[in-house]
Each structure stands twice: as structure tokens, then as C-alpha cells.
Amino acid sequence: ASLSLLPDIEYVAEAIHSLDMAKLPSDDVQAILQQFPTDREMASVLARDTPDALWDAPEGFILALAAIPQCHARLRAMCLRREFGERVRRVEKGSVSIREACRSVCSSQALRALCGATLTVGNFLNSKTLTRQSAAFSLHILPTLSKTIDADGSHSLLHHILSLCKAEAPHVFRLPLELSSLADALPFTLSSLSDDLSALVSDLRDASVLCFRQEAKVPKKASRLLHQFIEVSEDRLNTAASELATAHDSFETLLLYLGEHELELPFSSSSQACHSLIQSLHKVALDVQEEIATNFKPNSGPSKSIARGGQG
């Protein structure tokens with residue numbers, strides 16, 4: 001929204017002073033914050049202000065804002081009250097999605113079967129070049145199975161592994177179903193959720209300071225409503241923090257289950273490792289789903305179409 005489209009400046013100033021969210025829509029609050037004058041701009045106008053001065057709209061707007069105690073903090077508090085629910089829900093949703101993704105991987109019998117078959121086939125293919133068989137492999141190799149093509153160029157290595165599993169481990173075809181929850185976790189990382197939560201804590205702290213700062217001169221009714229909002233929001237943040245901590249614990253459990261020690265992964269943080277692992281396994285599930293649809297009959301095993309993931 002453009003400042004030129006805002007209501008009368010006195011009306012706006014009164015709404016900001018009283019923290020009246022009914023008078024000032026969220027878009028208007030955002031527009032004012034985005035174009036809020038710098039300290040230098042505000043000082044320049046105030047230095048030139050006299051009782052007889054005639055100001056254009058921009059300078060008049062700056063003077064009106066300067067007359068409101070803790071104006072910027074007031075605007076941020078108004079934004080927080082409107083946006084808090086959506087912002088904290090993102091943290092909660094992301095935490096639950098990552099937790100469920102980790103649990104799905106740990107409980108997937110199909111993934112275990114695919115890994116076992118992949119290890120068997122890999123040892124067979126490398127039997128002439130390796131002095132001993134491998135006991136394990138990195139899960140980040142799995143997405144390459146669909147890109148590795150046989151000598152006559154007809155099928156991928158994944159196709160041959162699934163063909164082997166069709167008779168001996170048919171439950172491998174349940175992989176798309178068992179890992180269907182991974183798509184929900186793709187838009188999130190543990191670090192971004194931690195950053196979002198920290199920003200909410202900081203914004204709520206600033207709102208609390210405004211509520212109790214005498215020089216802010218917040219009207220009693222507005223102060224009471226803001227205080228109630230802060231109390232409820234603090235409880236909600238504690239719940240969100242617990243959800244995020246559980247997501248971190250779930251990933252640590254996943255690493256132990258997979259035998260993938262965090263320091264051995266080619267990433268600088270557990271957040272990157274978690275996101276990359278979920279991406280890799282989601283890609284494998286999509287590859288298996290495509291193989292089932294293209295080269296295996298519907299009765300080869302139960303399957304389910306899974307989402308490709310999106311942005312949160």
C-alpha cells in the first residue's frame with residue numbers, strides 16, 4: 001500500500017497511538033513500517049519545524065509519527081498481533097512435519113528392504129574389484145539408482161533391484177506409501193524454524209517492553225489488551241519450542257537408527273544434513289513410484305501416489 005492511499009494522517013496517528021487494529025488494516029501498518037522515516041530524516045524535519053511552517057504531505061506525515069511515543073515499536077506490536085498466529089503455526093507445522101518424516105523413515109520396512117537389496121546388488125557388481133564386501137553405504141547414494149542404466153540401455157539399476165525384490169521382498173513396493181509424509185517436511189529446515197522461533201521471541205519481548213514502558217504512554221485499554229496477548233502468546237511459544245525440540249530429537253534418533261553420524265555427513269550443520277537426507281529419500285520414493293507406474297503391474301504391490309513437495 002502507498003502512503004498516499006492512507007486515511008487522514010490524524011486518524012492514522014490516533015490509531016497508532018491507541019494500538020487500534022480495527023482502524024488500521026494490516027496492509028497500512030506494513031506500508032508505514034516499510035517507509036518509516038530514518039532517525040536522520042526525522043531529525044531534519046523536526047529541526048526545521050516552526051509554528052508557522054507549512055509542510056507538504058511527506059513532511060507532515062513525519063511530524064505526526066514523531067509526535068507518537070515509541071511509534072515504531074507500536075507499529076511492530078500491531079504487526080505482531082496480526083501475524084503471530086500465522087508465524088507460530090509455521091514453526092509448529094514445520095516441526096511436526098520433520099518429526100513425522102523422521103519417524104516414517106525409521107519405521108519403513110520398505111526402505112529397509114530396498115537398502116538390503118541395494119547392498120546385495122552393489123556387492124555383486126563390485127565383487128571383481130573389491131577385496132571384501134561392503135557392510136553399508138550412504139543413503140545419499142539411493143537417488144542415483146534411477147540414473148544408473150544397464151549395458152543395453154533399457155533399464156535403470158533401480159528397476160533391476162525392484163525386480164529382484166518383487167519375488168523376495170514385495171513389500172518394497174510400499175515405499176511411496178511409507179515415505180509419503182516426507183513431502184510435507186521439504187519446505188522446512190531445522191535452522192529456519194529455529195530462526196523463526198527466535199524472531200518471534202524477540203518481537204514478543206519488544207512488545208512486552210512497550211507494554212510496561214511508562215514513556216510509551218500506551219492507553220490503559222490498549223495496554224491491557226496487549227498484555228493479555230503477550231501472556232497467551234508466551235504459552236504458545238513455549239509449546240512451539242517444545243515441538244521444535246522434539247523435531248531435533250527425532251532427527252538425532254534417525255541418525256542413530258541409520259548409523260549416519262552427523263560429523264561424517266558432508267554438511268556444515270545438522271539442519272542441512274536433515275534437509276538433505278529427507279530430500280534424498282523423498283527422491284527415491286518418487287523414483288520407485290515412477291518405476292511402479294511405468295514397468296510394474298498394479299498388483300506388484302500396494303503403492304500410493306506421493307506429493308513432490310512444495311514451499312511453506
# chains A, B, ... in the order shown; residues from 1 in each chain; ligands from 1

$ residues_around --residues "stretch 145-161 of chain A" --least-positions-apart "3" --cutoff "9 Å" --atoms "only C-alpha atoms" --output "JSON list (two decimals) with N, CA, C and O atoms, in the first residue's frame"
[["chain", "number", "residue", "atom", "x", "y", "z"],
["A", 114, "LEU", "N", 14.71, -52.13, 0.54],
["A", 114, "LEU", "CA", 15.40, -51.54, -0.60],
["A", 114, "LEU", "C", 16.89, -51.39, -0.31],
["A", 114, "LEU", "O", 17.73, -51.68, -1.18],
["A", 117, "ALA", "N", 18.55, -54.86, -0.51],
["A", 117, "ALA", "CA", 18.70, -55.31, -1.89],
["A", 117, "ALA", "C", 19.78, -54.51, -2.61],
["A", 117, "ALA", "O", 20.56, -55.06, -3.40],
["A", 118, "THR", "N", 19.83, -53.21, -2.34],
["A", 118, "THR", "CA", 20.84, -52.35, -2.98],
["A", 118, "THR", "C", 22.24, -52.77, -2.55],
["A", 118, "THR", "O", 23.17, -52.82, -3.37],
["A", 121, "VAL", "N", 23.10, -56.12, -4.34],
["A", 121, "VAL", "CA", 23.41, -55.90, -5.76],
["A", 121, "VAL", "C", 24.74, -55.16, -5.91],
["A", 121, "VAL", "O", 25.56, -55.49, -6.78],
["A", 141, "ILE", "N", 23.27, -42.21, -1.73],
["A", 141, "ILE", "CA", 23.52, -42.90, -3.00],
["A", 141, "ILE", "C", 22.21, -43.33, -3.65],
["A", 141, "ILE", "O", 22.12, -43.44, -4.88],
["A", 142, "LEU", "N", 21.18, -43.56, -2.86],
["A", 142, "LEU", "CA", 19.93, -44.12, -3.38],
["A", 142, "LEU", "C", 19.33, -43.34, -4.55],
["A", 142, "LEU", "O", 18.84, -43.96, -5.50],
["A", 164, "LEU", "N", 14.30, -57.73, -8.47],
["A", 164, "LEU", "CA", 14.81, -58.71, -7.52],
["A", 164, "LEU", "C", 13.92, -58.77, -6.28],
["A", 164, "LEU", "O", 13.63, -59.85, -5.76],
["A", 165, "CYS", "N", 13.45, -57.62, -5.85],
["A", 165, "CYS", "CA", 12.61, -57.55, -4.65],
["A", 165, "CYS", "C", 11.20, -58.08, -4.89],
["A", 165, "CYS", "O", 10.52, -58.49, -3.94],
["A", 166, "LYS", "N", 10.76, -58.07, -6.14],
["A", 166, "LYS", "CA", 9.39, -58.45, -6.45],
["A", 166, "LYS", "C", 9.05, -59.83, -5.92],
["A", 166, "LYS", "O", 7.95, -60.07, -5.40],
["A", 284, "VAL", "N", 13.97, -40.82, -3.81],
["A", 284, "VAL", "CA", 13.94, -42.27, -4.01],
["A", 284, "VAL", "C", 12.49, -42.76, -4.07],
["A", 284, "VAL", "O", 12.14, -43.58, -4.92],
["A", 287, "ASP", "N", 11.11, -41.97, -7.35],
["A", 287, "ASP", "CA", 11.68, -42.85, -8.38],
["A", 287, "ASP", "C", 11.01, -44.22, -8.36],
["A", 287, "ASP", "O", 10.70, -44.80, -9.41],
["A", 288, "VAL", "N", 10.80, -44.75, -7.16],
["A", 288, "VAL", "CA", 10.14, -46.05, -7.03],
["A", 288, "VAL", "C", 8.70, -45.95, -7.53],
["A", 288, "VAL", "O", 8.21, -46.84, -8.24],
["A", 291, "GLU", "N", 8.79, -46.00, -11.27],
["A", 291, "GLU", "CA", 9.09, -47.35, -11.76],
["A", 291, "GLU", "C", 7.86, -48.25, -11.69],
["A", 291, "GLU", "O", 7.58, -49.02, -12.61],
["A", 292, "ILE", "N", 7.14, -48.16, -10.59],
["A", 292, "ILE", "CA", 5.94, -48.98, -10.42],
["A", 292, "ILE", "C", 4.93, -48.64, -11.51],
["A", 292, "ILE", "O", 4.34, -49.53, -12.14],
["A", 295, "ASN", "N", 6.82, -49.69, -15.19],
["A", 295, "ASN", "CA", 7.34, -51.02, -15.54],
["A", 295, "ASN", "C", 6.79, -52.18, -14.74],
["A", 295, "ASN", "O", 7.14, -53.34, -15.02]]

$ select_by_dssp --residues "stretch 114-231 of chain A" --states "helix (DSSP H, G or I)" --output "PyMOL selection string"
chain A and resi 114-125+139-147+157-168+170-178+182-185+190-212+214-216+220-231

$ residues_around --residues "stretch 244-256 of chain A" --least-positions-apart "3" --cutoff "8 Å" --atoms "only C-alpha atoms" --output "list in words"
Val91, Glu92, Ser95, Val96, Ile98, Arg99, Cys102, Arg103, Val105, Cys106, Leu190, Leu193, Ser194, Ala240, Ala241, Gly259, Glu260, His261, Glu262 and Cys274 of chain A

$ residues_around --residues "A:Phe84" --least-positions-apart "5" --cutoff "9 Å" --atoms "only C-alpha atoms" --output "list of chain:residue names"
A:Cys79, A:Arg89, A:Leu200, A:Ser233

$ closest_residue --among "A:Cys71, A:Leu19, A:Leu186, A:Leu119" --to "A:Phe137" --atoms "only C-alpha atoms"
A:Leu119

$ residues_around --residues "A:Asp196" --least-positions-apart "3" --cutoff "9 Å" --atoms "only C-alpha atoms" --output "PyMOL selection string"
chain A and resi 87-88+90-91+191-193+199-201
